[in-house]
Amino acid sequence: MRPIATVAILFALAGFPRVAATTPSYSLQRVLAVGRRQTIEGFAVTVRSVERAREAGAADYVARRGDVFLLVSIDIRRVGAHGSYYANAQDFHVETARGAVVDSDGFGLTGELRTRRVYARPVDGVIGFEVPATDRGLRLLWQPAFDSSPDAQAAWAVGTVGETVSYYR
């Protein structure tokens with residue numbers, strides 16, 4: 001009797017991971033992306049806003065057909081670290097719902113995040129990405145290359161809904 005009960009319990013437990021794996025990990029974070037702060041090695045990043053546009057930048061970049069520009073405004077500050085961190089737009093990526101990773105692009109935007117040292121004063125700016133227009137499962141990834149934790153990563157759900165503006169400067 002005990003082996004049957006043990007097998008039934010193991011079978012029931014084996015089914016739960018399959019159910020949990022089908023639920024997107026970003027579904028609960030979607031509401032929490034804007035304003036949500038995450039900290040790695042004593043440096044905190046807060047997503048201030050997420051916007052979508054068909055055209056962006058001083059040079060009037062136009063998104064490819066089926067794509068939009070995802071423009072993420074962030075704030076980076078030191079919240080307990082003793083060192084400094086060079087904030088760089090290349091530390092940020094967007095992961096699509098299909099798992100493809102999109103690197104940030106420079107569009108010549110007003111307020112675009114430039115590489116700067118974060119120490120006494122916070123750094124803020126806008127980071128741009130060209131992403132599929134219909135993808136609502138986008139995740140912003142911050143992957144700073146700290147010596148003490150080179151694989152550290154923070155993620156925010158940024159799959160936006162709503163209107164896409166025609167132009168963002």
# chains A, B, ... in the order shown; residues from 1 in each chain; ligands from 1
$ residues_around --residues "Ile74 of chain A" --least-positions-apart "4" --cutoff "8 Å" --atoms "only C-alpha atoms" --output "ChimeraX atom specification"
/A:45-49,124-127
$ residues_around --residues "Ser149 of chain A" --least-positions-apart "4" --cutoff "12 Å" --atoms "only C-alpha atoms" --output "PyMOL selection string"
chain A and resi 40-42+143-145+153
$ write_last_selection --atoms "N, CA and C atoms" --output "short mmCIF file (atom, residue, chain, number, x, y, z; two decimals), in the first residue's frame"
data_model
loop_
_atom_site.label_atom_id
_atom_site.label_comp_id
_atom_site.auth_asym_id
_atom_site.auth_seq_id
_atom_site.Cartn_x
_atom_site.Cartn_y
_atom_site.Cartn_z
N ILE A 40 21.38 45.56 -7.28
CA ILE A 40 22.45 44.58 -7.44
C ILE A 40 23.72 45.23 -6.93
N GLU A 41 24.41 44.56 -6.02
CA GLU A 41 25.70 45.03 -5.51
C GLU A 41 25.66 46.48 -5.01
N GLY A 42 24.57 46.90 -4.41
CA GLY A 42 24.48 48.23 -3.84
C GLY A 42 24.13 49.34 -4.82
N GLN A 143 22.07 43.82 -16.90
CA GLN A 143 23.13 42.85 -16.69
C GLN A 143 24.46 43.57 -16.50
N PRO A 144 24.66 44.19 -15.32
CA PRO A 144 25.93 44.89 -15.08
C PRO A 144 27.05 43.88 -14.88
N ALA A 145 28.24 44.22 -15.27
CA ALA A 145 29.38 43.31 -15.16
C ALA A 145 30.19 43.64 -13.91
N GLN A 153 21.73 39.68 -12.58
CA GLN A 153 20.76 40.21 -13.55
C GLN A 153 19.49 40.62 -12.82
#
$ residues_around --residues "Glu51 of chain A" --least-positions-apart "3" --cutoff "7 Å" --atoms "only C-alpha atoms" --output "list in words"
Leu70, Leu71 and Val72 of chain A
$ atom_distance --atom1 "atom CA of Arg78 of chain A" --atom2 "atom CA of Arg117 of chain A"
10.3 Å
$ select_by_dssp --residues "segment 78-166 of chain A" --states "strand (DSSP E or B)" --output "PyMOL selection string"
chain A and resi 78+85-87+92-95+101-103+105+112+116-118+123-132+139-142+146+149+154-157+165-166
$ closest_atom_pairs --of "segment 125-156 of chain A" --to "segment 87-98 of chain A" --cutoff "7 Å" --atoms "only C-alpha atoms" --output "tab-separated table"
residue	atom	partner	partner_atom	distance
A:Ile127	CA	A:Ala89	CA	6.4
A:Asp135	CA	A:Ala97	CA	6.7
A:Gly137	CA	A:Ala97	CA	4.6
A:Leu138	CA	A:Thr96	CA	4.7
A:Arg139	CA	A:Glu95	CA	5.1
A:Leu140	CA	A:Val94	CA	4.5
A:Leu141	CA	A:His93	CA	5.1
A:Trp142	CA	A:Phe92	CA	4.7
A:Gln143	CA	A:Asp91	CA	5.2
A:Pro144	CA	A:Asp91	CA	5.4
$ closest_residue --among "A:Thr110, A:Val68, A:Tyr119, A:Thr164" --to "Gly80 of chain A" --atoms "only C-alpha atoms"
A:Tyr119
$ closest_residue --among "A:Asp75, A:Val123, A:Arg65, A:Gly128" --to "Val34 of chain A" --atoms "only C-alpha atoms"
A:Asp75
$ atom_distance --atom1 "atom CA of Ala154 of chain A" --atom2 "atom CA of Arg64 of chain A"
28.2 Å
$ closest_residue --among "A:Thr39, A:Thr115, A:Ser84, A:Ser73" --to "Arg52 of chain A" --atoms "only C-alpha atoms"
A:Ser73
$ atom_distance --atom1 "atom CA of Pro150 of chain A" --atom2 "atom CA of Gly35 of chain A"
25.3 Å
$ decode --residues "segment 90-119 of chain A" --atoms "C-alpha atoms" --output "compact mmCIF listing (two decimals), in the first residue's frame"
# COMPACT_ATOMS: atom_id res chain seq x y z
CA GLN A 90 24.86 48.48 -23.21
CA ASP A 91 24.18 46.85 -19.82
CA PHE A 92 20.47 46.88 -20.70
CA HIS A 93 18.68 44.50 -23.07
CA VAL A 94 15.10 43.52 -23.87
CA GLU A 95 14.05 39.89 -24.00
CA THR A 96 11.09 39.09 -26.24
CA ALA A 97 8.37 36.59 -25.37
CA ARG A 98 10.12 34.12 -27.72
CA GLY A 99 13.42 34.48 -25.85
CA ALA A 100 15.30 36.64 -28.37
CA VAL A 101 17.51 39.30 -26.76
CA VAL A 102 17.52 42.81 -28.26
CA ASP A 103 20.43 45.14 -27.49
CA SER A 104 19.88 48.83 -26.82
CA ASP A 105 20.28 51.28 -29.68
CA GLY A 106 21.41 54.90 -29.64
CA PHE A 107 18.91 57.17 -31.36
CA GLY A 108 20.20 60.60 -30.36
CA LEU A 109 17.24 61.01 -28.01
CA THR A 110 16.86 63.95 -25.69
CA GLY A 111 17.91 62.63 -22.29
CA GLU A 112 19.44 59.44 -23.66
CA LEU A 113 21.45 57.48 -21.08
CA ARG A 114 25.15 58.14 -21.54
CA THR A 115 27.99 56.25 -19.96
CA ARG A 116 28.58 57.98 -16.64
CA ARG A 117 29.90 57.09 -13.24
CA VAL A 118 27.31 56.50 -10.51
CA TYR A 119 28.74 57.51 -7.16
